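**Student:** Structure file target36.pdb (PDB, C-alpha atoms, pLDDT in the B column) is given on the next line.
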```
ATOM      1  CA  THR A   1       0.000   0.000   0.000  1.00 80.00           C
ATOM      2  CA  PRO A   2       1.238   3.518  -0.616  1.00 83.00           C
ATOM      3  CA  PRO A   3       2.417   5.485   2.412  1.00 79.00           C
ATOM      4  CA  ALA A   4      -0.171   7.664   4.109  1.00 76.00           C
ATOM      5  CA  PRO A   5       0.250  11.390   3.428  1.00 73.00           C
ATOM      6  CA  ARG A   6       1.907  13.184   6.319  1.00 71.00           C
ATOM      7  CA  GLU A   7       0.281  15.948   8.194  1.00 67.00           C
ATOM      8  CA  HIS A   8       1.871  19.350   7.918  1.00 67.00           C
ATOM      9  CA  LEU A   9       4.670  19.503  10.529  1.00 67.00           C
ATOM     10  CA  GLY A  10       4.105  23.110  11.559  1.00 69.00           C
ATOM     11  CA  ALA A  11       4.483  26.632  10.346  1.00 71.00           C
ATOM     12  CA  GLU A  12       7.248  27.391   7.899  1.00 75.00           C
ATOM     13  CA  MET A  13      10.248  28.975   9.590  1.00 76.00           C
ATOM     14  CA  PRO A  14      11.277  32.400   8.283  1.00 82.00           C
ATOM     15  CA  GLU A  15      14.802  32.895   6.984  1.00 84.00           C
ATOM     16  CA  PRO A  16      16.945  34.307   9.802  1.00 82.00           C
ATOM     17  CA  ASP A  17      18.575  37.708   9.424  1.00 82.00           C
ATOM     18  CA  LEU A  18      22.276  36.943   9.771  1.00 80.00           C
ATOM     19  CA  ILE A  19      24.677  39.643  10.815  1.00 80.00           C
ATOM     20  CA  ALA A  20      28.370  39.347  10.141  1.00 76.00           C
ATOM     21  CA  THR A  21      30.292  39.212  13.401  1.00 72.00           C
ATOM     22  CA  PRO A  22      33.184  41.621  13.747  1.00 69.00           C
ATOM     23  CA  ASP A  23      36.662  40.197  13.401  1.00 67.00           C
ATOM     24  CA  ASP A  24      37.882  40.602  16.967  1.00 65.00           C
ATOM     25  CA  SER A  25      40.700  38.117  16.715  1.00 80.00           C
ATOM     26  CA  ARG A  26      43.721  39.149  18.710  1.00 83.00           C
ATOM     27  CA  PHE A  27      46.018  37.653  16.102  1.00 89.00           C
ATOM     28  CA  SER A  28      46.356  38.795  12.509  1.00 90.00           C
ATOM     29  CA  GLU A  29      46.846  36.604   9.466  1.00 92.00           C
ATOM     30  CA  GLU A  30      50.521  37.560   9.620  1.00 94.00           C
ATOM     31  CA  HIS A  31      50.699  36.244  13.200  1.00 95.00           C
ATOM     32  CA  HIS A  32      49.130  32.954  12.149  1.00 95.00           C
ATOM     33  CA  ALA A  33      51.502  32.630   9.204  1.00 96.00           C
ATOM     34  CA  ALA A  34      54.540  33.378  11.402  1.00 96.00           C
ATOM     35  CA  ALA A  35      53.402  30.862  14.039  1.00 96.00           C
ATOM     36  CA  ALA A  36      52.823  28.205  11.380  1.00 96.00           C
ATOM     37  CA  GLU A  37      56.299  28.839   9.975  1.00 96.00           C
ATOM     38  CA  LEU A  38      57.846  28.655  13.440  1.00 96.00           C
ATOM     39  CA  LEU A  39      56.003  25.416  14.241  1.00 96.00           C
ATOM     40  CA  GLU A  40      56.906  23.760  10.920  1.00 95.00           C
ATOM     41  CA  LEU A  41      59.224  21.369  12.736  1.00 95.00           C
ATOM     42  CA  ALA A  42      61.164  18.509  11.199  1.00 94.00           C
ATOM     43  CA  PRO A  43      59.798  15.207  12.549  1.00 92.00           C
ATOM     44  CA  GLU A  44      63.238  14.176  13.756  1.00 94.00           C
ATOM     45  CA  ALA A  45      63.885  17.490  15.546  1.00 94.00           C
ATOM     46  CA  PRO A  46      61.305  18.391  18.210  1.00 96.00           C
ATOM     47  CA  ARG A  47      61.924  21.595  20.166  1.00 97.00           C
ATOM     48  CA  ARG A  48      61.304  22.902  23.651  1.00 97.00           C
ATOM     49  CA  LEU A  49      58.510  25.397  24.109  1.00 97.00           C
ATOM     50  CA  SER A  50      60.951  27.790  25.825  1.00 96.00           C
ATOM     51  CA  GLY A  51      63.083  27.979  22.663  1.00 97.00           C
ATOM     52  CA  LEU A  52      60.041  28.457  20.444  1.00 97.00           C
ATOM     53  CA  LEU A  53      58.767  31.267  22.695  1.00 97.00           C
ATOM     54  CA  ALA A  54      62.150  33.021  22.662  1.00 97.00           C
ATOM     55  CA  GLU A  55      62.316  32.844  18.876  1.00 97.00           C
ATOM     56  CA  ALA A  56      58.719  34.039  18.563  1.00 97.00           C
ATOM     57  CA  ARG A  57      59.478  36.962  20.886  1.00 97.00           C
ATOM     58  CA  ARG A  58      62.384  38.026  18.652  1.00 96.00           C
ATOM     59  CA  ARG A  59      60.039  38.113  15.640  1.00 96.00           C
ATOM     60  CA  ASP A  60      57.065  39.893  17.211  1.00 95.00           C
ATOM     61  CA  PRO A  61      56.129  40.697  20.834  1.00 94.00           C
ATOM     62  CA  GLU A  62      52.590  39.304  20.345  1.00 93.00           C
ATOM     63  CA  LEU A  63      53.664  36.060  18.655  1.00 96.00           C
ATOM     64  CA  PRO A  64      54.630  34.104  21.820  1.00 96.00           C
ATOM     65  CA  TYR A  65      51.006  34.163  22.981  1.00 96.00           C
ATOM     66  CA  LEU A  66      49.813  32.468  19.801  1.00 96.00           C
ATOM     67  CA  VAL A  67      52.685  29.952  19.841  1.00 96.00           C
ATOM     68  CA  ALA A  68      51.929  29.092  23.495  1.00 96.00           C
ATOM     69  CA  LEU A  69      48.237  28.674  22.691  1.00 95.00           C
ATOM     70  CA  ILE A  70      48.946  26.350  19.766  1.00 96.00           C
ATOM     71  CA  ALA A  71      51.474  24.347  21.811  1.00 95.00           C
ATOM     72  CA  VAL A  72      49.039  23.841  24.693  1.00 94.00           C
ATOM     73  CA  HIS A  73      46.392  22.605  22.246  1.00 93.00           C
ATOM     74  CA  ALA A  74      48.975  20.254  20.747  1.00 94.00           C
ATOM     75  CA  ALA A  75      49.291  18.542  24.149  1.00 92.00           C
ATOM     76  CA  SER A  76      46.056  16.772  23.245  1.00 89.00           C
ATOM     77  CA  PRO A  77      46.261  16.485  19.458  1.00 87.00           C
ATOM     78  CA  PRO A  78      43.148  15.531  17.467  1.00 86.00           C
ATOM     79  CA  VAL A  79      44.610  12.250  16.221  1.00 84.00           C
ATOM     80  CA  GLY A  80      41.237  10.797  15.237  1.00 83.00           C
ATOM     81  CA  THR A  81      40.314  13.865  13.203  1.00 86.00           C
ATOM     82  CA  ALA A  82      43.704  13.881  11.481  1.00 83.00           C
ATOM     83  CA  TYR A  83      43.258  10.168  10.760  1.00 79.00           C
ATOM     84  CA  ARG A  84      39.807  10.649   9.232  1.00 81.00           C
ATOM     85  CA  GLN A  85      40.948  13.625   7.150  1.00 83.00           C
ATOM     86  CA  GLY A  86      44.044  11.862   5.828  1.00 82.00           C
ATOM     87  CA  GLU A  87      46.452  14.451   7.254  1.00 86.00           C
ATOM     88  CA  GLN A  88      50.134  13.758   6.710  1.00 88.00           C
ATOM     89  CA  ARG A  89      51.499  15.694   9.719  1.00 90.00           C
ATOM     90  CA  LEU A  90      50.296  16.300  13.245  1.00 92.00           C
ATOM     91  CA  LEU A  91      51.707  18.770  15.769  1.00 94.00           C
ATOM     92  CA  PHE A  92      52.039  17.305  19.270  1.00 94.00           C
ATOM     93  CA  ALA A  93      53.365  18.456  22.640  1.00 96.00           C
ATOM     94  CA  VAL A  94      54.581  16.315  25.532  1.00 95.00           C
ATOM     95  CA  ASP A  95      55.254  17.252  29.152  1.00 95.00           C
ATOM     96  CA  ASP A  96      58.385  15.502  30.424  1.00 95.00           C
ATOM     97  CA  GLY A  97      58.327  17.267  33.801  1.00 95.00           C
ATOM     98  CA  THR A  98      60.699  20.107  32.915  1.00 96.00           C
ATOM     99  CA  GLU A  99      59.562  23.480  34.233  1.00 96.00           C
ATOM    100  CA  LEU A 100      59.227  26.347  31.757  1.00 95.00           C
ATOM    101  CA  ASP A 101      61.740  29.138  32.294  1.00 92.00           C
ATOM    102  CA  ASP A 102      60.116  32.116  30.579  1.00 94.00           C
ATOM    103  CA  PRO A 103      59.542  35.743  31.646  1.00 93.00           C
ATOM    104  CA  GLU A 104      55.856  35.728  30.616  1.00 94.00           C
ATOM    105  CA  PHE A 105      54.641  32.137  30.899  1.00 95.00           C
ATOM    106  CA  GLY A 106      54.724  29.441  33.539  1.00 93.00           C
ATOM    107  CA  GLY A 107      54.030  25.730  33.567  1.00 95.00           C
ATOM    108  CA  ALA A 108      55.691  22.903  31.715  1.00 95.00           C
ATOM    109  CA  ASP A 109      58.443  23.372  29.154  1.00 96.00           C
ATOM    110  CA  LEU A 110      56.691  21.149  26.634  1.00 96.00           C
ATOM    111  CA  ILE A 111      58.518  19.225  23.969  1.00 96.00           C
ATOM    112  CA  VAL A 112      56.807  20.259  20.724  1.00 97.00           C
ATOM    113  CA  GLY A 113      57.188  18.150  17.628  1.00 96.00           C
ATOM    114  CA  THR A 114      55.649  16.927  14.435  1.00 94.00           C
ATOM    115  CA  ALA A 115      54.505  13.375  13.891  1.00 92.00           C
ATOM    116  CA  LEU A 116      54.322  12.024  10.367  1.00 90.00           C
ATOM    117  CA  LEU A 117      51.106  10.171   9.677  1.00 86.00           C
ATOM    118  CA  ASP A 118      50.871   7.416   7.099  1.00 80.00           C
ATOM    119  CA  ALA A 119      47.964   8.832   5.084  1.00 63.00           C
ATOM    120  CA  ALA A 120      48.089   6.001   2.509  1.00 62.00           C
ATOM    121  CA  GLY A 121      48.174   3.385   5.253  1.00 65.00           C
ATOM    122  CA  MET A 122      45.305   5.071   7.051  1.00 61.00           C
ATOM    123  CA  ALA A 123      43.241   5.157   3.857  1.00 60.00           C
ATOM    124  CA  ALA A 124      43.956   1.463   3.259  1.00 66.00           C
ATOM    125  CA  GLU A 125      43.013   0.721   6.873  1.00 66.00           C
ATOM    126  CA  ARG A 126      39.713   2.576   6.435  1.00 62.00           C
ATOM    127  CA  SER A 127      38.893   0.669   3.239  1.00 66.00           C
ATOM    128  CA  GLU A 128      39.857  -2.698   4.775  1.00 68.00           C
ATOM    129  CA  ALA A 129      37.796  -2.203   7.948  1.00 61.00           C
ATOM    130  CA  PRO A 130      34.381  -2.728   6.252  1.00 62.00           C
ATOM    131  CA  ALA A 131      35.709  -5.823   4.480  1.00 62.00           C
ATOM    132  CA  ARG A 132      36.967  -7.267   7.776  1.00 60.00           C
ATOM    133  CA  ALA A 133      33.647  -6.470   9.414  1.00 60.00           C
ATOM    134  CA  ALA A 134      31.777  -8.211   6.594  1.00 60.00           C
ATOM    135  CA  ARG A 135      33.969 -11.297   7.031  1.00 61.00           C
ATOM    136  CA  GLY A 136      33.577 -11.148  10.795  1.00 61.00           C
ATOM    137  CA  THR A 137      37.332 -10.776  11.255  1.00 54.00           C
ATOM    138  CA  LYS A 138      38.487  -8.692  14.174  1.00 52.00           C
ATOM    139  CA  GLU A 139      41.704  -6.653  14.362  1.00 50.00           C
ATOM    140  CA  HIS A 140      43.260  -9.029  16.888  1.00 49.00           C
ATOM    141  CA  ASP A 141      42.404 -12.047  14.711  1.00 48.00           C
ATOM    142  CA  LEU A 142      44.774 -10.829  12.001  1.00 46.00           C
TER     143      LEU A 142
END
```
Rewrite the structure from the file as structure tokens, please.

**Tutor:**
Amino acid sequence: TPPAPREHLGAEMPEPDLIATPDDSRFSEEHHAAAAELLELAPEAPRRLSGLLAEARRRDPELPYLVALIAVHAASPPVGTAYRQGEQRLLFAVDDGTELDDPEFGGADLIVGTALLDAAGMAAERSEAPARAARGTKEHDL
């Protein structure tokens, strides 16, 4: 039998009036570009946050704040998101117990580095997972 017609679900919603929010970012595009350049670390050469902050301070007095913010976020990197998006590099930060010696910041002198991700391997893993599931094979069975 054909499906029964649905009742009207309510009044049609009006289009909202959207207002552009002002750009109140503390950091300019130049700051972001400089921070990205500074944090473009070779995978085999991680650096201490204290050294990154000192170098950032030499470039621009506002830059250390952005570098510190990015480094703190890198202490809990979005590995799953990077995996799903096929990223090739991931910034990470690790606390090894060393105290930060900096005139403006306190806390841990994080080790900041770049991890290389195997994008091709991750893509193959994603495409193999449904096949394993269809066969009833589990990861630990392989």

**Student:** Just give me the gap between atom CA of A:Phe27 and atom CA of A:Tyr83 in Å, one decimal is fine.

**Tutor:**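 Separating atom CA of A:Phe27 from atom CA of A:Tyr83 is a distance of 28.1 Å.
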
**Student:** So that all listed atoms of stretch 71-78 of chain A fit with 8 Å spare on each side, what axis-aligned box centre and edge lengths in Å, to one decimal, would you give as AutoDock Vina command-line options?

**Tutor:**
```
--center_x 47.3 --center_y 19.9 --center_z 21.1 --size_x 24.3 --size_y 24.8 --size_z 23.2
```

**Student:** For A:Ala56, work out the shell of residues within 8 Å, counting all atoms listed in the file and skipping chain neighbours fewer than 4 positions away, then give it as a count of residues only.

**Tutor:** 8

**Student:** Evaluate the PyMOL selection byres ((chain A and resi 103) around 12) on the structure here and hand back the selected residues as number ranges by chain.

**Tutor:** A: 50, 53-54, 57, 64, 100-102, 104-107

**Student:** Please report the interatomic distance between atom CA of A:Leu117 and atom CA of A:Pro43 in Å with one decimal.

**Tutor:**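 Interatomic distance here is 10.4 Å.
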
**Student:** Rank nothing, just name the residue among A:Arg48, A:Arg59, A:His32, A:Arg84 nearest to A:Leu110, using all atoms listed in the file.

**Tutor:**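 For A:Leu110, the nearest of the candidates is A:Arg48.
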
**Student:** Assuming the chain letters and numbering stay as they are in my file, what does the PyMOL selection byres ((chain A and resi 78) around 12) actually select? List them as a ChimeraX atom specification.

**Tutor:** /A:73-77,79-85,87,89-93
